[in-house]
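Visitor: For reference, this is final.txt, and it has compact mmCIF, C-alpha atoms and all ligand atoms.
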# COMPACT_ATOMS: atom_id res chain seq x y z
CA MET L 218 82.93 113.04 129.62
CA ASN L 219 83.58 116.81 129.90
CA LEU L 220 83.35 119.13 126.93
CA CYS L 221 87.08 119.14 126.33
CA THR L 222 87.40 115.34 126.09
CA LEU L 223 84.29 115.23 123.95
CA LYS L 224 85.86 117.70 121.52
CA ARG L 225 89.05 115.66 121.45
CA PHE L 226 86.99 112.52 120.83
CA PHE L 227 85.23 114.01 117.81
CA LYS L 228 88.50 115.42 116.52
CA LYS L 229 89.91 111.90 116.64
CA ILE L 230 86.99 110.40 114.73
CA GLU L 231 87.31 113.16 112.16
CA THR L 232 90.99 112.44 111.70
CA LEU L 233 90.31 108.73 111.26
CA GLU L 234 87.70 109.45 108.58
CA ASN L 235 89.95 111.96 106.84
CA ASN L 236 92.61 109.31 106.72
CA LEU L 237 90.27 107.09 104.70
CA TYR L 238 89.68 109.93 102.24
CA ARG L 239 93.41 110.46 101.99
CA ILE L 240 94.02 106.77 101.30
CA ARG L 241 91.48 106.96 98.50
CA ASN L 242 92.91 110.26 97.27
CA LEU L 243 89.52 111.97 97.41
CA PRO L 244 88.42 115.44 98.52
CA ILE L 245 87.60 115.27 102.21
CA GLY L 246 83.88 114.71 102.78
CA SER L 247 83.19 113.78 99.16
CA ILE L 248 82.07 110.19 99.37
CA ALA L 249 81.14 109.65 102.96
CA MET L 250 78.14 107.53 102.08
CA ASN L 251 80.18 105.21 99.88
CA PHE L 252 81.90 103.90 102.97
CA GLN L 253 78.55 102.26 103.67
CA ASN L 254 78.83 99.92 100.70
CA PRO L 255 79.21 96.25 101.56
CA VAL L 256 82.26 94.39 100.26
CA PHE L 257 81.96 91.34 98.01
CA ILE L 258 85.42 89.90 98.49
CA PRO L 259 85.78 86.41 99.94
CA GLY L 260 87.31 87.71 103.14
CA PRO L 261 87.71 89.93 104.97
CA THR L 262 83.94 89.93 105.09
CA ASN L 263 81.47 92.58 106.14
CA MET L 264 81.38 92.95 109.90
CA PRO L 265 78.20 93.06 111.96
CA GLU L 266 78.11 96.24 114.02
CA VAL L 267 77.97 94.23 117.23
CA LEU L 268 81.28 92.52 116.37
CA ARG L 269 82.99 95.78 115.48
CA LYS L 270 82.01 97.00 118.92
CA ALA L 271 83.09 93.78 120.60
CA VAL L 272 86.58 94.13 119.13
CA ASP L 273 86.90 97.75 120.28
CA MET L 274 87.48 97.51 124.01
CA PRO L 275 89.60 99.17 126.66
CA THR L 276 92.91 97.61 127.59
CA LEU L 277 92.64 94.95 130.22
CA ASP L 278 95.22 92.86 132.00
CA HIS L 279 95.76 89.84 129.78
CA ARG L 280 96.98 87.79 132.70
CA SER L 281 93.88 88.31 134.78
CA SER L 282 90.90 86.05 135.37
CA LEU L 283 88.90 88.63 133.45
CA PHE L 284 90.85 87.65 130.34
CA GLY L 285 89.98 84.00 131.06
CA GLU L 286 86.32 84.98 130.82
CA ILE L 287 86.94 86.03 127.25
CA LEU L 288 89.41 83.33 126.24
CA HIS L 289 87.69 80.16 127.43
CA PRO L 290 84.23 80.90 125.99
CA ALA L 291 85.92 81.84 122.69
CA LEU L 292 87.75 78.49 122.59
CA ALA L 293 84.60 76.57 123.53
CA GLY L 294 82.62 78.49 120.92
CA VAL L 295 85.10 77.62 118.17
CA LYS L 296 84.99 73.96 119.21
CA ALA L 297 81.20 73.96 118.82
CA VAL L 298 81.45 75.65 115.42
CA LEU L 299 83.94 72.93 114.36
CA LYS L 300 81.37 70.35 115.51
CA SER L 301 83.93 68.65 117.70
CA LYS L 302 83.64 67.11 121.15
CA THR L 303 87.30 66.23 121.45
CA ALA L 304 89.36 68.91 119.68
CA GLU L 305 91.74 71.21 121.48
CA VAL L 306 91.42 74.69 120.06
CA PHE L 307 94.32 77.15 119.80
CA VAL L 308 94.11 80.75 118.65
CA PHE L 309 97.21 82.70 117.59
CA PRO L 310 97.68 86.36 116.77
CA SER L 311 98.16 85.62 113.06
CA THR L 312 96.03 84.71 110.04
CA GLY L 313 94.92 81.51 108.32
CA THR L 314 98.41 81.14 106.87
CA GLY L 315 99.78 80.93 110.42
CA GLY L 316 97.24 78.15 110.99
CA TRP L 317 98.83 76.14 108.17
CA GLU L 318 102.22 76.61 109.83
CA THR L 319 100.85 75.64 113.24
CA ALA L 320 99.54 72.37 111.76
CA ILE L 321 102.77 71.42 110.04
CA THR L 322 105.35 72.43 112.62
CA ASN L 323 103.62 70.91 115.63
CA THR L 324 103.16 67.46 114.14
CA LEU L 325 105.85 66.73 111.53
CA CYS L 326 109.61 66.34 111.09
CA ALA L 327 111.83 67.58 108.24
CA GLY L 328 111.77 65.00 105.44
CA ASP L 329 108.35 63.64 106.41
CA LYS L 330 106.16 62.86 103.45
CA VAL L 331 102.79 64.56 103.00
CA LEU L 332 100.14 64.01 100.35
CA VAL L 333 98.27 67.06 99.12
CA GLY L 334 95.99 68.05 96.25
CA ARG L 335 96.51 71.30 94.32
CA ASN L 336 93.45 72.82 92.61
CA GLY L 337 93.89 76.56 93.16
CA MET L 338 95.96 79.34 94.67
CA PHE L 339 95.36 78.50 98.33
CA SER L 340 96.24 74.82 98.07
CA HIS L 341 99.25 75.98 96.03
CA ARG L 342 100.44 78.28 98.81
CA TRP L 343 100.06 75.59 101.45
CA ILE L 344 102.13 73.23 99.27
CA ASP L 345 104.78 75.93 98.93
CA MET L 346 104.87 76.27 102.72
CA CYS L 347 105.31 72.50 103.16
CA GLU L 348 108.22 72.55 100.72
CA ARG L 349 109.86 75.47 102.50
CA HIS L 350 109.65 73.49 105.74
CA GLY L 351 111.65 70.67 104.16
CA LEU L 352 108.76 68.22 103.90
CA GLU L 353 108.64 65.74 101.05
CA VAL L 354 105.48 66.78 99.25
CA GLN L 355 103.58 64.48 96.93
CA VAL L 356 101.21 66.68 94.97
CA ILE L 357 98.02 65.48 93.30
CA GLU L 358 97.76 67.96 90.43
CA THR L 359 94.11 68.76 89.81
CA PRO L 360 92.77 71.14 87.15
CA TRP L 361 91.65 74.47 88.61
CA GLY L 362 87.86 74.39 88.77
CA GLU L 363 87.73 70.73 89.77
CA GLY L 364 87.40 69.26 93.26
CA LEU L 365 90.17 67.31 95.00
CA PRO L 366 90.00 63.74 93.64
CA ALA L 367 89.33 61.30 96.48
CA ALA L 368 90.01 58.38 94.12
CA ARG L 369 93.61 59.58 93.55
CA TYR L 370 94.16 60.03 97.28
CA GLU L 371 92.92 56.47 97.75
CA GLU L 372 95.18 54.94 95.09
CA ILE L 373 98.25 56.63 96.51
CA LEU L 374 97.42 55.75 100.12
CA ALA L 375 96.67 52.13 99.23
CA ALA L 376 100.05 51.87 97.46
CA ASP L 377 101.88 53.34 100.46
CA LYS L 378 102.21 50.02 102.28
CA SER L 379 105.11 51.16 104.47
CA HIS L 380 103.15 54.23 105.61
CA GLN L 381 105.70 56.80 104.51
CA ILE L 382 102.94 59.39 104.21
CA LYS L 383 102.52 61.08 107.57
CA ALA L 384 99.81 63.57 106.72
CA VAL L 385 97.14 64.12 104.08
CA LEU L 386 96.30 67.77 103.36
CA ALA L 387 93.15 69.08 101.73
CA THR L 388 91.63 72.51 101.13
CA HIS L 389 87.92 72.24 101.86
CA ASN L 390 86.88 75.34 99.95
CA GLU L 391 89.31 76.59 97.28
CA THR L 392 88.65 80.32 97.48
CA ALA L 393 90.46 81.05 94.21
CA THR L 394 88.09 78.96 92.10
CA GLY L 395 84.94 78.73 94.25
CA VAL L 396 85.21 74.96 94.51
CA VAL L 397 84.24 72.85 97.52
CA SER L 398 85.86 69.44 97.93
CA ASP L 399 84.38 66.40 99.62
CA ILE L 400 86.33 66.08 102.87
CA ALA L 401 84.25 63.12 104.09
CA ALA L 402 85.25 61.22 100.94
CA ILE L 403 88.95 62.06 101.38
CA SER L 404 88.76 60.99 105.01
CA GLN L 405 87.12 57.74 103.93
CA THR L 406 90.13 56.95 101.70
CA LEU L 407 92.34 56.85 104.81
CA LYS L 408 89.95 54.39 106.45
CA THR L 409 89.61 52.27 103.30
CA ALA L 410 93.39 52.05 102.92
CA ASN L 411 93.69 51.48 106.66
CA HIS L 412 96.33 54.21 106.62
CA PRO L 413 97.46 55.95 109.83
CA ALA L 414 98.27 59.36 108.28
CA LEU L 415 96.75 62.46 109.86
CA LEU L 416 94.21 64.55 107.94
CA TYR L 417 94.69 68.34 107.89
CA VAL L 418 91.97 70.49 106.41
CA ASP L 419 92.15 74.14 105.39
CA GLY L 420 88.66 75.35 106.24
CA VAL L 421 89.58 79.03 106.15
CA SER L 422 86.76 80.02 103.78
CA SER L 423 84.26 77.36 104.83
CA ILE L 424 84.26 77.05 108.63
CA GLY L 425 81.41 79.07 110.12
CA SER L 426 79.72 79.45 106.70
CA MET L 427 79.46 75.97 105.19
CA ASP L 428 78.88 72.55 106.72
CA PHE L 429 82.05 71.40 108.46
CA ARG L 430 82.15 68.37 110.75
CA MET L 431 85.53 67.90 112.36
CA ASP L 432 84.76 64.75 114.37
CA GLU L 433 82.39 63.04 111.95
CA TRP L 434 84.76 63.58 109.03
CA GLY L 435 87.79 62.42 111.00
CA VAL L 436 89.66 65.71 110.57
CA ASP L 437 92.82 65.80 112.71
CA ILE L 438 93.64 69.47 112.26
CA ALA L 439 91.09 72.06 111.18
CA ILE L 440 92.38 75.49 110.24
CA THR L 441 90.69 78.85 109.85
CA GLY L 442 91.13 82.57 110.48
CA SER L 443 89.10 85.38 111.99
CA GLN L 444 88.19 87.37 108.85
CA LYS L 445 86.00 84.90 106.96
CA GLY L 446 83.15 82.95 108.53
CA PHE L 447 83.73 84.61 111.90
CA MET L 448 83.14 88.07 110.35
CA LEU L 449 85.96 89.77 112.28
CA PRO L 450 88.99 91.77 111.18
CA ALA L 451 92.00 89.69 110.12
CA GLY L 452 94.39 88.91 112.95
CA LEU L 453 93.70 85.45 114.35
CA ALA L 454 94.80 81.98 113.24
CA ILE L 455 92.30 79.48 114.61
CA VAL L 456 93.09 75.76 114.75
CA GLY L 457 91.51 72.64 116.21
CA PHE L 458 93.68 69.60 117.01
CA SER L 459 92.19 66.11 117.40
CA PRO L 460 93.58 63.82 120.14
CA LYS L 461 95.54 61.97 117.42
CA ALA L 462 97.08 65.25 116.25
CA MET L 463 97.91 66.14 119.87
CA ALA L 464 99.73 62.82 120.18
CA ALA L 465 101.87 63.65 117.13
CA LEU L 466 103.32 66.56 119.14
CA GLU L 467 105.54 64.11 120.98
CA THR L 468 107.49 63.10 117.89
CA ALA L 469 107.42 66.32 115.86
CA THR L 470 110.80 67.99 115.49
CA LEU L 471 110.19 70.80 113.01
CA PRO L 472 111.38 74.05 114.61
CA ARG L 473 108.57 76.05 116.17
CA THR L 474 108.47 78.84 118.72
CA PHE L 475 105.70 81.35 118.17
CA PHE L 476 103.28 78.65 116.97
CA ASP L 477 104.18 76.00 119.58
CA ILE L 478 100.86 74.71 120.88
CA ARG L 479 102.54 73.26 123.98
CA ASP L 480 103.41 76.78 125.17
CA MET L 481 99.98 77.97 124.16
CA GLY L 482 98.26 75.16 126.07
CA LYS L 483 100.28 75.92 129.22
CA GLY L 484 99.28 79.56 128.91
CA TYR L 485 95.59 78.73 128.59
CA ALA L 486 95.72 76.72 131.80
CA ASN L 487 96.58 80.02 133.54
CA ASN L 488 94.10 82.24 131.68
CA ALA L 489 97.00 83.59 129.66
CA TYR L 490 99.13 83.42 126.52
CA PRO L 491 102.86 82.72 126.25
CA TYR L 492 102.95 86.31 124.94
CA THR L 493 100.48 89.16 124.52
CA PRO L 494 97.12 88.07 123.12
CA ALA L 495 94.92 90.09 120.75
CA VAL L 496 92.34 90.66 123.49
CA GLY L 497 89.87 92.68 121.43
CA LEU L 498 89.85 90.16 118.60
CA LEU L 499 89.37 87.31 121.08
CA ASN L 500 86.43 89.16 122.58
CA GLY L 501 85.10 89.47 119.03
CA LEU L 502 85.63 85.74 118.49
CA LYS L 503 83.70 84.92 121.65
CA MET L 504 80.85 87.10 120.42
CA ALA L 505 81.04 85.77 116.85
CA THR L 506 80.68 82.18 118.01
CA GLU L 507 77.71 83.23 120.17
CA MET L 508 76.12 84.85 117.13
CA LEU L 509 76.68 81.83 114.88
CA LEU L 510 75.50 79.33 117.48
CA SER L 511 72.43 81.34 118.40
CA GLU L 512 71.45 81.71 114.74
CA GLY L 513 72.05 77.94 114.62
CA LEU L 514 74.82 76.50 112.44
CA GLU L 515 72.35 74.78 110.13
CA ASN L 516 70.54 78.10 109.62
CA VAL L 517 73.86 79.85 108.95
CA PHE L 518 74.69 77.25 106.29
CA ALA L 519 71.19 77.49 104.79
CA ARG L 520 71.49 81.29 104.63
CA HIS L 521 74.81 81.03 102.80
CA HIS L 522 73.33 78.46 100.42
CA ARG L 523 70.30 80.60 99.65
CA ILE L 524 72.42 83.70 99.03
CA ALA L 525 74.86 81.72 96.86
CA CYS L 526 72.03 80.25 94.78
CA GLY L 527 70.82 83.80 94.04
CA VAL L 528 74.30 84.77 92.83
CA ARG L 529 74.47 81.64 90.69
CA ALA L 530 71.04 82.41 89.20
CA ALA L 531 72.38 85.84 88.22
CA VAL L 532 75.51 84.34 86.65
CA ASP L 533 73.32 82.00 84.66
CA ALA L 534 71.09 84.87 83.49
CA TRP L 535 74.21 86.76 82.35
CA GLY L 536 75.06 83.76 80.16
CA LEU L 537 78.35 83.29 82.02
CA GLN L 538 79.89 80.18 83.56
CA LEU L 539 81.41 79.54 86.93
CA CYS L 540 85.01 78.38 87.18
CA ALA L 541 83.73 75.36 89.18
CA VAL L 542 83.10 72.70 86.56
CA SER L 543 80.00 71.04 88.04
CA SER L 544 77.16 71.99 90.35
CA ASP L 545 78.20 69.57 93.13
CA LEU L 546 81.40 71.65 93.46
CA TYR L 547 79.75 75.08 93.77
CA SER L 548 80.94 76.94 96.81
CA ASP L 549 78.38 78.67 98.99
CA THR L 550 80.90 81.31 100.10
CA VAL L 551 82.48 82.52 96.84
CA SER L 552 81.69 82.38 93.14
CA ALA L 553 84.52 82.67 90.61
CA ILE L 554 82.89 83.81 87.37
CA CYS L 555 84.57 83.28 83.98
CA THR L 556 84.39 86.22 81.57
CA PRO L 557 84.43 85.81 77.78
CA GLU L 558 87.69 84.91 76.01
CA GLY L 559 89.81 88.01 75.33
CA PHE L 560 88.17 90.11 78.07
CA ASN L 561 90.24 91.03 81.14
CA ALA L 562 88.12 89.97 84.13
CA THR L 563 90.24 92.10 86.46
CA SER L 564 88.94 95.25 84.75
CA ILE L 565 85.54 94.56 86.34
CA VAL L 566 87.11 94.63 89.78
CA THR L 567 89.10 97.79 89.09
CA HIS L 568 86.10 99.55 87.56
CA ALA L 569 83.80 98.56 90.44
CA ALA L 570 86.28 100.03 92.92
CA ASP L 571 86.92 103.23 90.95
CA LYS L 572 83.40 104.05 89.83
CA TYR L 573 81.06 102.48 92.38
CA ASP L 574 83.27 102.02 95.44
CA VAL L 575 82.39 98.35 95.62
CA ALA L 576 84.93 95.56 96.13
CA PHE L 577 84.92 92.27 94.22
CA GLY L 578 87.72 89.69 94.18
CA VAL L 579 90.24 89.39 91.34
CA GLY L 580 91.30 86.12 89.75
CA LEU L 581 94.45 84.64 91.29
CA GLY L 582 97.28 82.60 89.78
CA GLU L 583 96.27 80.48 86.81
CA VAL L 584 92.87 82.15 86.52
CA ALA L 585 94.11 85.75 86.88
CA GLY L 586 92.33 87.93 84.30
CA LYS L 587 90.00 85.05 83.43
CA VAL L 588 87.64 85.20 86.41
CA PHE L 589 86.35 87.76 88.85
CA ARG L 590 84.99 86.66 92.20
CA ILE L 591 81.91 87.58 94.17
CA GLY L 592 82.45 86.76 97.81
CA HIS L 593 79.19 85.93 99.56
CA LEU L 594 80.09 84.87 103.06
CA GLY L 595 79.82 86.26 106.52
CA SER L 596 77.53 89.11 107.42
CA LEU L 597 75.31 89.29 104.36
CA THR L 598 71.61 89.41 103.50
CA ASP L 599 69.61 88.81 100.33
CA VAL L 600 69.15 92.56 99.95
CA MET L 601 72.87 93.33 100.31
CA THR L 602 73.65 90.61 97.78
CA LEU L 603 71.24 92.14 95.26
CA SER L 604 73.26 95.37 95.44
CA GLY L 605 76.44 93.45 94.61
CA ILE L 606 74.79 91.68 91.67
CA ALA L 607 73.44 95.02 90.40
CA THR L 608 76.89 96.60 90.67
CA ALA L 609 78.62 93.73 88.84
CA GLU L 610 76.00 94.13 86.12
CA MET L 611 76.61 97.88 85.77
CA CYS L 612 80.35 97.25 85.52
CA MET L 613 79.99 94.59 82.84
CA VAL L 614 77.68 96.81 80.79
CA ASP L 615 80.01 99.84 81.28
CA LEU L 616 82.89 97.71 79.98
CA GLY L 617 81.01 96.59 76.88
CA LEU L 618 80.05 93.02 77.74
CA ASP L 619 76.88 91.80 76.08
CA ILE L 620 74.73 91.76 79.22
CA LYS L 621 71.33 93.29 79.79
CA LEU L 622 70.98 95.55 82.83
CA GLY L 623 68.69 93.90 85.33
CA ALA L 624 68.98 90.37 83.94
CA GLY L 625 70.98 88.98 86.86
CA VAL L 626 69.15 91.06 89.44
CA THR L 627 65.80 89.76 88.20
CA ALA L 628 66.97 86.15 88.37
CA ALA L 629 68.28 86.64 91.90
CA GLN L 630 65.12 88.48 92.98
CA GLU L 631 63.01 85.57 91.73
CA HIS L 632 65.15 83.24 93.78
CA TYR L 633 65.09 85.31 96.97
CA ARG L 634 61.36 85.95 96.91
CA THR L 635 60.50 82.30 96.54
CA VAL L 636 63.06 80.47 98.68
C1 LIG X 1 91.87 83.31 103.01
C2 LIG X 1 92.37 81.93 102.87
C3 LIG X 1 93.62 81.52 103.35
C4 LIG X 1 94.66 82.47 103.87
O1 LIG X 1 94.30 83.05 105.00
P1 LIG X 1 95.02 84.37 105.50
O2 LIG X 1 94.16 84.69 106.64
O3 LIG X 1 94.97 85.36 104.39
O4 LIG X 1 96.40 84.01 105.88
C5 LIG X 1 93.95 80.19 103.29
N1 LIG X 1 93.12 79.30 102.73
C6 LIG X 1 91.94 79.65 102.22
C7 LIG X 1 91.09 78.59 101.62
C8 LIG X 1 91.52 80.97 102.27
O5 LIG X 1 90.34 81.32 101.75
Represent the structure of the file as structure tokens.
Ligand SMILES: *Cc1c(COP(=O)(O)O)cnc(C)c1O
Guide:
Amino acid sequence: MNLCTLKRFFKKIETLENNLYRIRNLPIGSIAMNFQNPVFIPGPTNMPEVLRKAVDMPTLDHRSSLFGEILHPALAGVKAVLKSKTAEVFVFPSTGTGGWETAITNTLCAGDKVLVGRNGMFSHRWIDMCERHGLEVQVIETPWGEGLPAARYEEILAADKSHQIKAVLATHNETATGVVSDIAAISQTLKTANHPALLYVDGVSSIGSMDFRMDEWGVDIAITGSQKGFMLPAGLAIVGFSPKAMAALETATLPRTFFDIRDMGKGYANNAYPYTPAVGLLNGLKMATEMLLSEGLENVFARHHRIACGVRAAVDAWGLQLCAVSSDLYSDTVSAICTPEGFNATSIVTHAADKYDVAFGVGLGEVAGKVFRIGHLGSLTDVMTLSGIATAEMCMVDLGLDIKLGAGVTAAQEHYRTV
């Protein structure tokens, strides 16, 4: 690199940084260090440096064999993370929401009946999508904070003698409430009722962070995105189709073009996409799966569990409750924390952003203003988590809640030093 290009290069970096200041409406150079703060939103997550670098690559021909060397290991890596021997994996330039659409449109027909539980904002949005696609949606209404009720799924499936229900939908980890549902139990209801419906699982905020077993649990379509467990920027919808889900392709008539997995599959056979792939993100995905698999999935899950337990110890020390109604439902990737009656939980999130430059998640839908969320998934350590707990504590004290500075931090420290 000669001096001139080097100067241009630094100029470019400077402009990018200045842009961030401008977005935040701050004097240029004023808070440079604050950009170092981790985020505590339940996706997008913090990114490991190595993945940021993996995503940033020069343009390469996306119809070359070189691209195949990125694509195929990424697909194989996802398959291993899903714990599947038989799934076909497809990755679209999109987000988790596009994964929902991929599942529905490739396997169902207008008017088909689907059975789905609603216990938070994400299951709600998937239901809305099913309705907009002209599906007949039978909703199992479940109070927010509770898990999806396998017993209700079972009753309804057992009563459906003529097998009108074509697919059963479940959100594994409801990110709005911090509730994990028992997918193995829901899958078992299909077996018990001897029902042929397919099982689609939204694993957007669980896959790659919490135990997920596509084959063992009999999941027909598993859905996720790049910006949660895979620790990448948003931009990819990631889906796994079981052989049974692949067979449903033959009869599905819902309109699909961009998300047609037949076109995608044909592309893959030639180291290509039916259109232009997000090459950098795919390279990141390849690297992310390598990272997760080399850490060992069980270790990744144990790390998330340990970190989550520290957050829960802090919540307990604050005298606050989680939105999740019982400990078997506690999510290891996000905690939705209820604030006292009459207090606007969203003010914690706003204050944390304004005063400390730290991001927490707001309450969504029914629990808006009632909970704030600490996301604890992806690239995170005990030490980073302690900083988030300390910040939440400062905010709550600043805003007049009856909480003692250090109470939650101490509880989490005790947990992290002993586990
Ligand atoms: C984040 C999330 C989604 C939506 O994913 P996008 O990537 O924002 O489209 C869907 N379901 C769950 C459970 C999520 O956490």
Visitor: Let me see if you get this right: every residue at most 7 Å from ligand LIG 1 (chain X), counting all atoms listed in the file, written as a list of chain:residue names.
Guide: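 After applying the 7 Å limit, what remains is L:Gly260, L:Thr312, L:Gly313, L:Thr314, L:Gly315, L:Phe339, L:Thr388, L:Asn390, L:Glu391, L:Thr392, L:Asp419, L:Gly420, L:Val421, L:Ser422, L:Gly442, L:Gln444, L:Ala451.
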Visitor: Output as JSON lines one row per residue of region 399-496 of chain L within 10 Å of region 369-384 of chain L: the closest atom pair and its distance in Å to one decimal place, counting all atoms listed in the file, sorted by chain and residue number ascending.
Guide:
{"residue": "L:Ala402", "atom": "CA", "partner": "L:Glu371", "partner_atom": "CA", "distance": 9.6}
{"residue": "L:Ile403", "atom": "CA", "partner": "L:Tyr370", "partner_atom": "CA", "distance": 6.9}
{"residue": "L:Ser404", "atom": "CA", "partner": "L:Tyr370", "partner_atom": "CA", "distance": 9.5}
{"residue": "L:Gln405", "atom": "CA", "partner": "L:Glu371", "partner_atom": "CA", "distance": 8.6}
{"residue": "L:Thr406", "atom": "CA", "partner": "L:Glu371", "partner_atom": "CA", "distance": 4.9}
{"residue": "L:Leu407", "atom": "CA", "partner": "L:Leu374", "partner_atom": "CA", "distance": 7.0}
{"residue": "L:Lys408", "atom": "CA", "partner": "L:Glu371", "partner_atom": "CA", "distance": 9.4}
{"residue": "L:Thr409", "atom": "CA", "partner": "L:Glu371", "partner_atom": "CA", "distance": 7.7}
{"residue": "L:Ala410", "atom": "CA", "partner": "L:Ala375", "partner_atom": "CA", "distance": 4.9}
{"residue": "L:Asn411", "atom": "CA", "partner": "L:Ala375", "partner_atom": "CA", "distance": 8.0}
{"residue": "L:His412", "atom": "CA", "partner": "L:Leu374", "partner_atom": "CA", "distance": 6.8}
{"residue": "L:Pro413", "atom": "CA", "partner": "L:His380", "partner_atom": "CA", "distance": 7.3}
{"residue": "L:Ala414", "atom": "CA", "partner": "L:Lys383", "partner_atom": "CA", "distance": 4.6}
{"residue": "L:Leu415", "atom": "CA", "partner": "L:Ala384", "partner_atom": "CA", "distance": 4.5}
{"residue": "L:Leu416", "atom": "CA", "partner": "L:Ala384", "partner_atom": "CA", "distance": 5.8}
{"residue": "L:Tyr417", "atom": "CA", "partner": "L:Ala384", "partner_atom": "CA", "distance": 7.1}
{"residue": "L:Asp437", "atom": "CA", "partner": "L:Ala384", "partner_atom": "CA", "distance": 9.5}
{"residue": "L:Ala465", "atom": "CA", "partner": "L:Lys383", "partner_atom": "CA", "distance": 9.9}
Visitor: Work out how far CA of Pro261 (chain L) is from CA of Val626 (chain L), in Å to one decimal.
Guide: 24.2 Å
Visitor: Please build the interface table for region 252-327 of chain L against region 426-430 of chain L with a cut-off of 10 Å, listing for each qualifying residue the nearest atom pair and the distance in Å to one decimal; count all atoms listed in the file, order rows by chain and increasing number, and write it as a tab-separated table.
Guide:
residue	atom	partner	partner_atom	distance
L:Ala297	CA	L:Arg430	CA	9.9
L:Val298	CA	L:Phe429	CA	8.2
L:Leu299	CA	L:Arg430	CA	6.1
L:Lys300	CA	L:Arg430	CA	5.2
L:Ser301	CA	L:Arg430	CA	7.2
Visitor: Extending 8 Å beyond the listed atoms of region 402-412 of chain L on each side, what axis-aligned box results? I want centre and edge lengths in Å to one decimal, as AutoDock Vina command-line options.
Guide:
--center_x 90.8 --center_y 56.8 --center_z 103.8 --size_x 27.1 --size_y 26.6 --size_z 21.7
Visitor: CA of Lys296 (chain L) and CA of Gly457 (chain L) are how many Å apart?
Guide: 7.3 Å
Visitor: Mind giving me the straight-line distance from CA of Thr322 (chain L) to CA of Leu466 (chain L) in Å, one decimal?
Guide: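 Between CA of Thr322 (chain L) and CA of Leu466 (chain L) the gap is 9.0 Å.
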Visitor: Can you work out which one of L:Gly527, L:Gly337, L:Gly362, L:Gly484 has the shortest atom-to-atom distance to Val308 (chain L), counting all atoms listed in the file?
Guide: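 Once distances to Val308 (chain L) are computed over all atoms listed in the file, the minimum belongs to L:Gly484.
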Visitor: Tell me which protein, DNA and RNA residues are within 10 Å of region 342-345 of chain L, counting only C-alpha atoms, leaving out same-chain ones fewer than 3 positions away, and put them as a list of chain:residue names.
Guide: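 Contacts, in chain order: L:Thr314, L:Trp317, L:Glu318, L:Ile321, L:Val331, L:Leu332, L:Val333, L:Gly334, L:Arg335, L:Gly337, L:Met338, L:Phe339, L:Glu348, L:Arg349, L:His350, L:Leu352, L:Val354, L:Gln355, L:Val356, L:Leu386, L:Ala387, L:Thr388, L:Asp419.
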Visitor: Please identify all polymer residues within 8 Å of Thr303 (chain L), counting all atoms listed in the file, omitting same-chain residues fewer than 2 positions from it, and present them as a ChimeraX atom specification.
Guide: /L:301,305,432,459-460
Visitor: Just want the 9 Å neighbourhood of His632 (chain L), counted on all atoms listed in the file, with same-chain residues fewer than 5 positions away dropped. Output as JSON, numbers by chain.
Guide: {"L": [523, 524, 526, 527, 530, 627]}
Visitor: Find the spatial neighbours of region 542-558 of chain L, counting all atoms listed in the file, within a cut-off of 8 Å - ignore same-chain residues fewer than 2 positions away - and output them as a ChimeraX atom specification.
Guide: /L:259,362-364,390,392-398,422-423,426-427,521-522,524-526,528-529,532,537-540,560-562,580,587-594
Visitor: Using all atoms listed in the file, which of the listed residues (L:Ile438, L:Met274, L:Val579, L:Ile424) sits closest to Val385 (chain L)?
Guide: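 With all atoms listed in the file as the atom set, the closest residue is L:Ile438.
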Visitor: Missing atoms in region 385-390 of chain L need filling: write out N, CA, C and O atoms for it as an mmCIF file, in the frame of the given file.
Guide:
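The resulting file, rebuild27.cif, is reproduced below:
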data_model
loop_
_atom_site.group_PDB
_atom_site.id
_atom_site.type_symbol
_atom_site.label_atom_id
_atom_site.label_comp_id
_atom_site.auth_asym_id
_atom_site.auth_seq_id
_atom_site.Cartn_x
_atom_site.Cartn_y
_atom_site.Cartn_z
ATOM 1 N N VAL L 385 97.888 63.861 105.308
ATOM 2 C CA VAL L 385 97.140 64.120 104.080
ATOM 3 C C VAL L 385 96.532 65.515 104.242
ATOM 4 O O VAL L 385 95.897 65.807 105.263
ATOM 5 N N LEU L 386 96.760 66.386 103.261
ATOM 6 C CA LEU L 386 96.300 67.770 103.360
ATOM 7 C C LEU L 386 95.233 68.039 102.298
ATOM 8 O O LEU L 386 95.374 67.593 101.154
ATOM 9 N N ALA L 387 94.206 68.764 102.693
ATOM 10 C CA ALA L 387 93.150 69.080 101.730
ATOM 11 C C ALA L 387 92.567 70.463 102.045
ATOM 12 O O ALA L 387 92.373 70.822 103.209
ATOM 13 N N THR L 388 92.298 71.218 100.995
ATOM 14 C CA THR L 388 91.630 72.510 101.130
ATOM 15 C C THR L 388 90.143 72.287 100.907
ATOM 16 O O THR L 388 89.742 71.858 99.829
ATOM 17 N N HIS L 389 89.355 72.537 101.951
ATOM 18 C CA HIS L 389 87.920 72.240 101.860
ATOM 19 C C HIS L 389 87.252 73.108 100.811
ATOM 20 O O HIS L 389 86.528 72.611 99.952
ATOM 21 N N ASN L 390 87.513 74.413 100.891
ATOM 22 C CA ASN L 390 86.880 75.340 99.950
ATOM 23 C C ASN L 390 87.980 76.161 99.290
ATOM 24 O O ASN L 390 88.606 76.991 99.938
#
